[in-house]
Each structure stands twice: as structure tokens, then as C-alpha cells.
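This is protein.pdb. It holds PDB, C-alpha atoms.
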ATOM      1  CA  MET A 149      20.705  15.059   2.935  1.00  0.00           C
ATOM      2  CA  GLY A 150      19.692  12.382   5.479  1.00  0.00           C
ATOM      3  CA  LYS A 151      18.619   8.850   4.824  1.00  0.00           C
ATOM      4  CA  LYS A 152      14.906   8.153   4.600  1.00  0.00           C
ATOM      5  CA  THR A 153      13.632   5.258   6.620  1.00  0.00           C
ATOM      6  CA  VAL A 154      11.074   3.185   4.740  1.00  0.00           C
ATOM      7  CA  ARG A 155       8.190   1.904   6.893  1.00  0.00           C
ATOM      8  CA  VAL A 156       7.230  -1.618   5.843  1.00  0.00           C
ATOM      9  CA  GLY A 157       4.967  -4.448   6.912  1.00  0.00           C
ATOM     10  CA  VAL A 158       4.941  -8.132   6.109  1.00  0.00           C
ATOM     11  CA  ILE A 159       1.792 -10.078   5.306  1.00  0.00           C
ATOM     12  CA  GLY A 160       2.353 -13.761   6.003  1.00  0.00           C
ATOM     13  CA  ALA A 161       4.492 -15.169   8.817  1.00  0.00           C
ATOM     14  CA  GLY A 162       5.373 -18.500   7.227  1.00  0.00           C
ATOM     15  CA  ILE A 163       8.758 -19.448   5.790  1.00  0.00           C
ATOM     16  CA  TRP A 164       8.909 -16.755   3.100  1.00  0.00           C
ATOM     17  CA  GLY A 165       7.271 -14.077   5.224  1.00  0.00           C
ATOM     18  CA  ALA A 166       9.840 -14.737   7.938  1.00  0.00           C
ATOM     19  CA  MET A 167      12.637 -14.329   5.384  1.00  0.00           C
ATOM     20  CA  HIS A 168      11.212 -10.998   4.224  1.00  0.00           C
ATOM     21  CA  ALA A 169      10.684  -9.821   7.803  1.00  0.00           C
ATOM     22  CA  ARG A 170      14.264 -10.707   8.787  1.00  0.00           C
ATOM     23  CA  ALA A 171      15.632  -8.846   5.766  1.00  0.00           C
ATOM     24  CA  TYR A 172      13.671  -5.717   6.668  1.00  0.00           C
ATOM     25  CA  ALA A 173      14.556  -5.990  10.357  1.00  0.00           C
ATOM     26  CA  GLN A 174      18.263  -6.097   9.473  1.00  0.00           C
ATOM     27  CA  HIS A 175      18.218  -3.314   6.874  1.00  0.00           C
ATOM     28  CA  ALA A 176      19.446   0.053   8.151  1.00  0.00           C
ATOM     29  CA  SER A 177      16.993   2.029   6.004  1.00  0.00           C
ATOM     30  CA  ALA A 178      13.899  -0.014   6.856  1.00  0.00           C
ATOM     31  CA  GLU A 179      11.573   0.043   9.825  1.00  0.00           C
ATOM     32  CA  LEU A 180       9.584  -3.165  10.151  1.00  0.00           C
ATOM     33  CA  VAL A 181       6.349  -1.783  11.577  1.00  0.00           C
ATOM     34  CA  GLY A 182       4.295  -4.950  11.859  1.00  0.00           C
ATOM     35  CA  ILE A 183       3.643  -8.521  10.853  1.00  0.00           C
ATOM     36  CA  CYS A 184       0.248  -9.787   9.740  1.00  0.00           C
ATOM     37  CA  ASP A 185      -0.914 -13.395   9.652  1.00  0.00           C
ATOM     38  CA  LEU A 186      -4.287 -15.069  10.133  1.00  0.00           C
ATOM     39  CA  ASP A 187      -2.533 -17.265  12.712  1.00  0.00           C
ATOM     40  CA  GLU A 188      -2.023 -14.768  15.530  1.00  0.00           C
ATOM     41  CA  THR A 189       0.334 -17.077  17.429  1.00  0.00           C
ATOM     42  CA  ARG A 190       2.628 -17.398  14.417  1.00  0.00           C
ATOM     43  CA  ALA A 191       2.658 -13.628  13.850  1.00  0.00           C
ATOM     44  CA  LYS A 192       3.440 -12.949  17.517  1.00  0.00           C
ATOM     45  CA  SER A 193       6.204 -15.553  17.583  1.00  0.00           C
ATOM     46  CA  LEU A 194       7.958 -14.069  14.551  1.00  0.00           C
ATOM     47  CA  ALA A 195       7.495 -10.539  15.886  1.00  0.00           C
ATOM     48  CA  ALA A 196       9.015 -11.532  19.236  1.00  0.00           C
ATOM     49  CA  ASP A 197      12.023 -13.103  17.486  1.00  0.00           C
ATOM     50  CA  LEU A 198      12.637  -9.876  15.557  1.00  0.00           C
ATOM     51  CA  GLY A 199      11.717  -7.319  18.219  1.00  0.00           C
ATOM     52  CA  VAL A 200       8.672  -6.054  16.326  1.00  0.00           C
ATOM     53  CA  ALA A 201       6.030  -4.518  18.595  1.00  0.00           C
ATOM     54  CA  LYS A 202       2.914  -4.872  16.451  1.00  0.00           C
ATOM     55  CA  THR A 203       1.138  -7.887  14.999  1.00  0.00           C
ATOM     56  CA  PHE A 204      -2.117  -8.080  13.095  1.00  0.00           C
ATOM     57  CA  THR A 205      -4.603 -10.650  11.875  1.00  0.00           C
ATOM     58  CA  SER A 206      -6.227  -8.062   9.587  1.00  0.00           C
ATOM     59  CA  VAL A 207      -4.477  -6.709   6.500  1.00  0.00           C
ATOM     60  CA  ASP A 208      -6.577  -3.534   6.741  1.00  0.00           C
ATOM     61  CA  ALA A 209      -5.334  -2.904  10.289  1.00  0.00           C
ATOM     62  CA  LEU A 210      -1.719  -3.305   9.144  1.00  0.00           C
ATOM     63  CA  LEU A 211      -2.276  -0.934   6.230  1.00  0.00           C
ATOM     64  CA  ASP A 212      -3.719   1.665   8.622  1.00  0.00           C
ATOM     65  CA  GLU A 213      -0.208   2.024  10.090  1.00  0.00           C
ATOM     66  CA  GLY A 214       0.876   4.448   7.361  1.00  0.00           C
ATOM     67  CA  LEU A 215       3.324   2.173   5.596  1.00  0.00           C
ATOM     68  CA  ASP A 216       5.478   2.944   2.592  1.00  0.00           C
ATOM     69  CA  GLY A 217       5.268  -0.650   1.395  1.00  0.00           C
ATOM     70  CA  VAL A 218       4.405  -4.255   2.212  1.00  0.00           C
ATOM     71  CA  SER A 219       5.679  -7.702   1.334  1.00  0.00           C
ATOM     72  CA  VAL A 220       2.950 -10.210   0.614  1.00  0.00           C
ATOM     73  CA  ALA A 221       4.279 -13.685   1.300  1.00  0.00           C
ATOM     74  CA  THR A 222       1.257 -15.938   1.759  1.00  0.00           C
TER
END
When written as C-alpha cells, how does the structure in this file appear?
Amino acid sequence: MGKKTVRVGVIGAGIWGAMHARAYAQHASAELVGICDLDETRAKSLAADLGVAKTFTSVDALLDEGLDGVSVAT
């Protein structure tokens, strides 16, 4: 039986959101799909640091990505 990859997103790109995002980015069984923050520059900066392709300023747009879970760190 193979490992399942869990698709996750992070809402909030501040200090705690960055900690959550880094943990997901480093976990072998997680795929960090996107980062959402009202401050688009902050979301893009964190995403670039972690190699995440997608950023959002809308929670609904992030949730439309078919995630298994989210961290809310706002």
C-alpha cells in the first residue's frame, strides 16, 4: 500500500502561517498547494521562499483547489 499525499493550504502568511507552511513544505506526505493572505506581497514572498506555485488573496479561491485540509493562522 502506497503513501497518500495530503493536499494542504495555509491561510495567513505571518509568523505562525509561515511556520505551518514550512512544516508542510518539509513533510514527505504533504503537498503544500497554496498560501492565502490578504497581503498579496506577503503571500508571494513566503511562497517563493518555499517553492509554492500558487498564492491567493481569497480563501474561497484557495478552497477551490481541492484540498484535504487547511491551517488557519491569522
> Quick one: distance from CA of Val181 (chain A) to CA of Val200 (chain A) in Å, one decimal?
Replying inline: 6.8 Å
> For Thr189 (chain A), which residue among A:Ala173, A:Ala161, A:Leu211, A:Val218 is the nearest when counting all atoms listed in the file?
Replying inline: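 Closest to Thr189 (chain A) of all the choices is A:Ala161.
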> Quick one: of A:Leu180, A:Gln174, A:Lys151, A:Asp185, who's nearest to Ala221 (chain A), counting only C-alpha atoms?
Replying inline: A:Asp185
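Distances here use all atoms listed in the file; by that measure, the residue among A:Ile183, A:Gly199, A:Ala171, A:Lys192 closest to Ile159 (chain A) is A:Ile183.
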>> Once the PyMOL selection byres ((chain A and resi 178) around 9) has been evaluated on this model, what residues remain selected, and can you format them as an MDAnalysis selection string?
In response: chainID A and resid 152:156 172:177 179:180
> By how many Å are CA of Ser193 (chain A) and CA of Leu215 (chain A) apart?
Replying inline: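 These two atoms are separated by 21.6 Å.
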> What is the distance between CA of Met167 (chain A) and CA of Ala209 (chain A), in Å to one decimal?
Replying inline: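 According to the coordinates, CA of Met167 (chain A) and CA of Ala209 (chain A) are separated by 21.9 Å.
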>> Please enumerate the residues selected by the PyMOL selection byres ((chain A and resi 191) around 12) when evaluated against the supplied file, formatted as a PyMOL selection string.
In response: chain A and resi 157-163+165-166+169+182-190+192-206
Padded axis-aligned box of region 183-187 of chain A (3 Å per side), centre and edge lengths, Å, one decimal, as AutoDock Vina command-line options:
--center_x -0.3 --center_y -12.9 --center_z 11.2 --size_x 13.9 --size_y 14.7 --size_z 9.1
From the coordinates supplied, region 179-190 of chain A should be written with all heavy atoms, as an mmCIF file, in the first residue's frame.
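Dumped everything to out.cif:
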data_model
loop_
_atom_site.group_PDB
_atom_site.id
_atom_site.type_symbol
_atom_site.label_atom_id
_atom_site.label_comp_id
_atom_site.auth_asym_id
_atom_site.auth_seq_id
_atom_site.Cartn_x
_atom_site.Cartn_y
_atom_site.Cartn_z
ATOM 1 N N GLU A 179 1.575 17.911 0.475
ATOM 2 C CA GLU A 179 1.794 18.780 -0.673
ATOM 3 C C GLU A 179 1.197 20.135 -0.330
ATOM 4 O O GLU A 179 -0.015 20.262 -0.192
ATOM 5 C CB GLU A 179 1.119 18.222 -1.922
ATOM 6 C CG GLU A 179 1.239 19.139 -3.122
ATOM 7 C CD GLU A 179 0.377 18.725 -4.295
ATOM 8 O OE1 GLU A 179 -0.279 17.667 -4.233
ATOM 9 O OE2 GLU A 179 0.344 19.488 -5.276
ATOM 10 N N LEU A 180 2.044 21.127 -0.168
ATOM 11 C CA LEU A 180 1.580 22.480 0.112
ATOM 12 C C LEU A 180 1.133 23.091 -1.203
ATOM 13 O O LEU A 180 1.942 23.451 -2.049
ATOM 14 C CB LEU A 180 2.679 23.315 0.769
ATOM 15 C CG LEU A 180 2.322 24.746 1.132
ATOM 16 C CD1 LEU A 180 1.077 24.823 2.012
ATOM 17 C CD2 LEU A 180 3.505 25.422 1.818
ATOM 18 N N VAL A 181 -0.176 23.176 -1.383
ATOM 19 C CA VAL A 181 -0.770 23.597 -2.651
ATOM 20 C C VAL A 181 -0.746 25.106 -2.814
ATOM 21 O O VAL A 181 -0.496 25.620 -3.907
ATOM 22 C CB VAL A 181 -2.211 23.054 -2.763
ATOM 23 C CG1 VAL A 181 -2.900 23.582 -4.002
ATOM 24 C CG2 VAL A 181 -2.194 21.532 -2.737
ATOM 25 N N GLY A 182 -1.016 25.840 -1.741
ATOM 26 C CA GLY A 182 -1.072 27.288 -1.869
ATOM 27 C C GLY A 182 -1.076 27.991 -0.530
ATOM 28 O O GLY A 182 -1.346 27.390 0.505
ATOM 29 N N ILE A 183 -0.785 29.290 -0.613
ATOM 30 C CA ILE A 183 -0.758 30.149 0.561
ATOM 31 C C ILE A 183 -1.691 31.322 0.305
ATOM 32 O O ILE A 183 -1.649 31.934 -0.766
ATOM 33 C CB ILE A 183 0.668 30.653 0.839
ATOM 34 C CG1 ILE A 183 1.572 29.454 1.140
ATOM 35 C CG2 ILE A 183 0.681 31.667 1.978
ATOM 36 C CD1 ILE A 183 3.035 29.775 1.184
ATOM 37 N N CYS A 184 -2.523 31.619 1.287
ATOM 38 C CA CYS A 184 -3.508 32.688 1.160
ATOM 39 C C CYS A 184 -3.251 33.754 2.218
ATOM 40 O O CYS A 184 -3.062 33.425 3.390
ATOM 41 C CB CYS A 184 -4.907 32.106 1.335
ATOM 42 S SG CYS A 184 -6.240 33.323 1.246
ATOM 43 N N ASP A 185 -3.237 35.007 1.790
ATOM 44 C CA ASP A 185 -3.128 36.125 2.714
ATOM 45 C C ASP A 185 -3.734 37.340 2.028
ATOM 46 O O ASP A 185 -3.635 37.472 0.803
ATOM 47 C CB ASP A 185 -1.661 36.402 3.069
ATOM 48 C CG ASP A 185 -1.520 37.270 4.304
ATOM 49 O OD1 ASP A 185 -1.699 38.499 4.197
ATOM 50 O OD2 ASP A 185 -1.250 36.711 5.378
ATOM 51 N N LEU A 186 -4.369 38.202 2.793
ATOM 52 C CA LEU A 186 -4.921 39.433 2.218
ATOM 53 C C LEU A 186 -3.820 40.315 1.635
ATOM 54 O O LEU A 186 -4.042 41.058 0.686
ATOM 55 C CB LEU A 186 -5.710 40.215 3.266
ATOM 56 C CG LEU A 186 -7.018 39.579 3.708
ATOM 57 C CD1 LEU A 186 -7.641 40.396 4.839
ATOM 58 C CD2 LEU A 186 -7.988 39.452 2.549
ATOM 59 N N ASP A 187 -2.619 40.209 2.201
ATOM 60 C CA ASP A 187 -1.453 40.932 1.694
ATOM 61 C C ASP A 187 -0.779 40.052 0.632
ATOM 62 O O ASP A 187 -0.025 39.135 0.949
ATOM 63 C CB ASP A 187 -0.494 41.230 2.846
ATOM 64 C CG ASP A 187 0.722 42.026 2.432
ATOM 65 O OD1 ASP A 187 1.115 42.001 1.244
ATOM 66 O OD2 ASP A 187 1.311 42.675 3.314
ATOM 67 N N GLU A 188 -1.078 40.346 -0.622
ATOM 68 C CA GLU A 188 -0.585 39.516 -1.723
ATOM 69 C C GLU A 188 0.945 39.458 -1.761
ATOM 70 O O GLU A 188 1.522 38.398 -2.041
ATOM 71 C CB GLU A 188 -1.122 40.055 -3.051
ATOM 72 C CG GLU A 188 -0.771 39.196 -4.239
ATOM 73 C CD GLU A 188 -1.401 39.693 -5.528
ATOM 74 O OE1 GLU A 188 -1.709 40.899 -5.629
ATOM 75 O OE2 GLU A 188 -1.583 38.867 -6.420
ATOM 76 N N THR A 189 1.595 40.544 -1.458
ATOM 77 C CA THR A 189 3.063 40.574 -1.464
ATOM 78 C C THR A 189 3.632 39.613 -0.431
ATOM 79 O O THR A 189 4.593 38.886 -0.709
ATOM 80 C CB THR A 189 3.572 42.012 -1.200
ATOM 81 O OG1 THR A 189 3.047 42.868 -2.212
ATOM 82 C CG2 THR A 189 5.085 42.078 -1.204
ATOM 83 N N ARG A 190 3.029 39.588 0.749
ATOM 84 C CA ARG A 190 3.497 38.687 1.804
ATOM 85 C C ARG A 190 3.273 37.230 1.416
ATOM 86 O O ARG A 190 4.149 36.386 1.618
ATOM 87 C CB ARG A 190 2.807 39.015 3.125
ATOM 88 C CG ARG A 190 3.329 38.190 4.268
ATOM 89 C CD ARG A 190 2.944 38.690 5.622
ATOM 90 N NE ARG A 190 1.554 39.090 5.739
ATOM 91 C CZ ARG A 190 1.038 39.598 6.840
ATOM 92 N NH1 ARG A 190 1.796 39.771 7.906
ATOM 93 N NH2 ARG A 190 -0.223 39.936 6.887
#
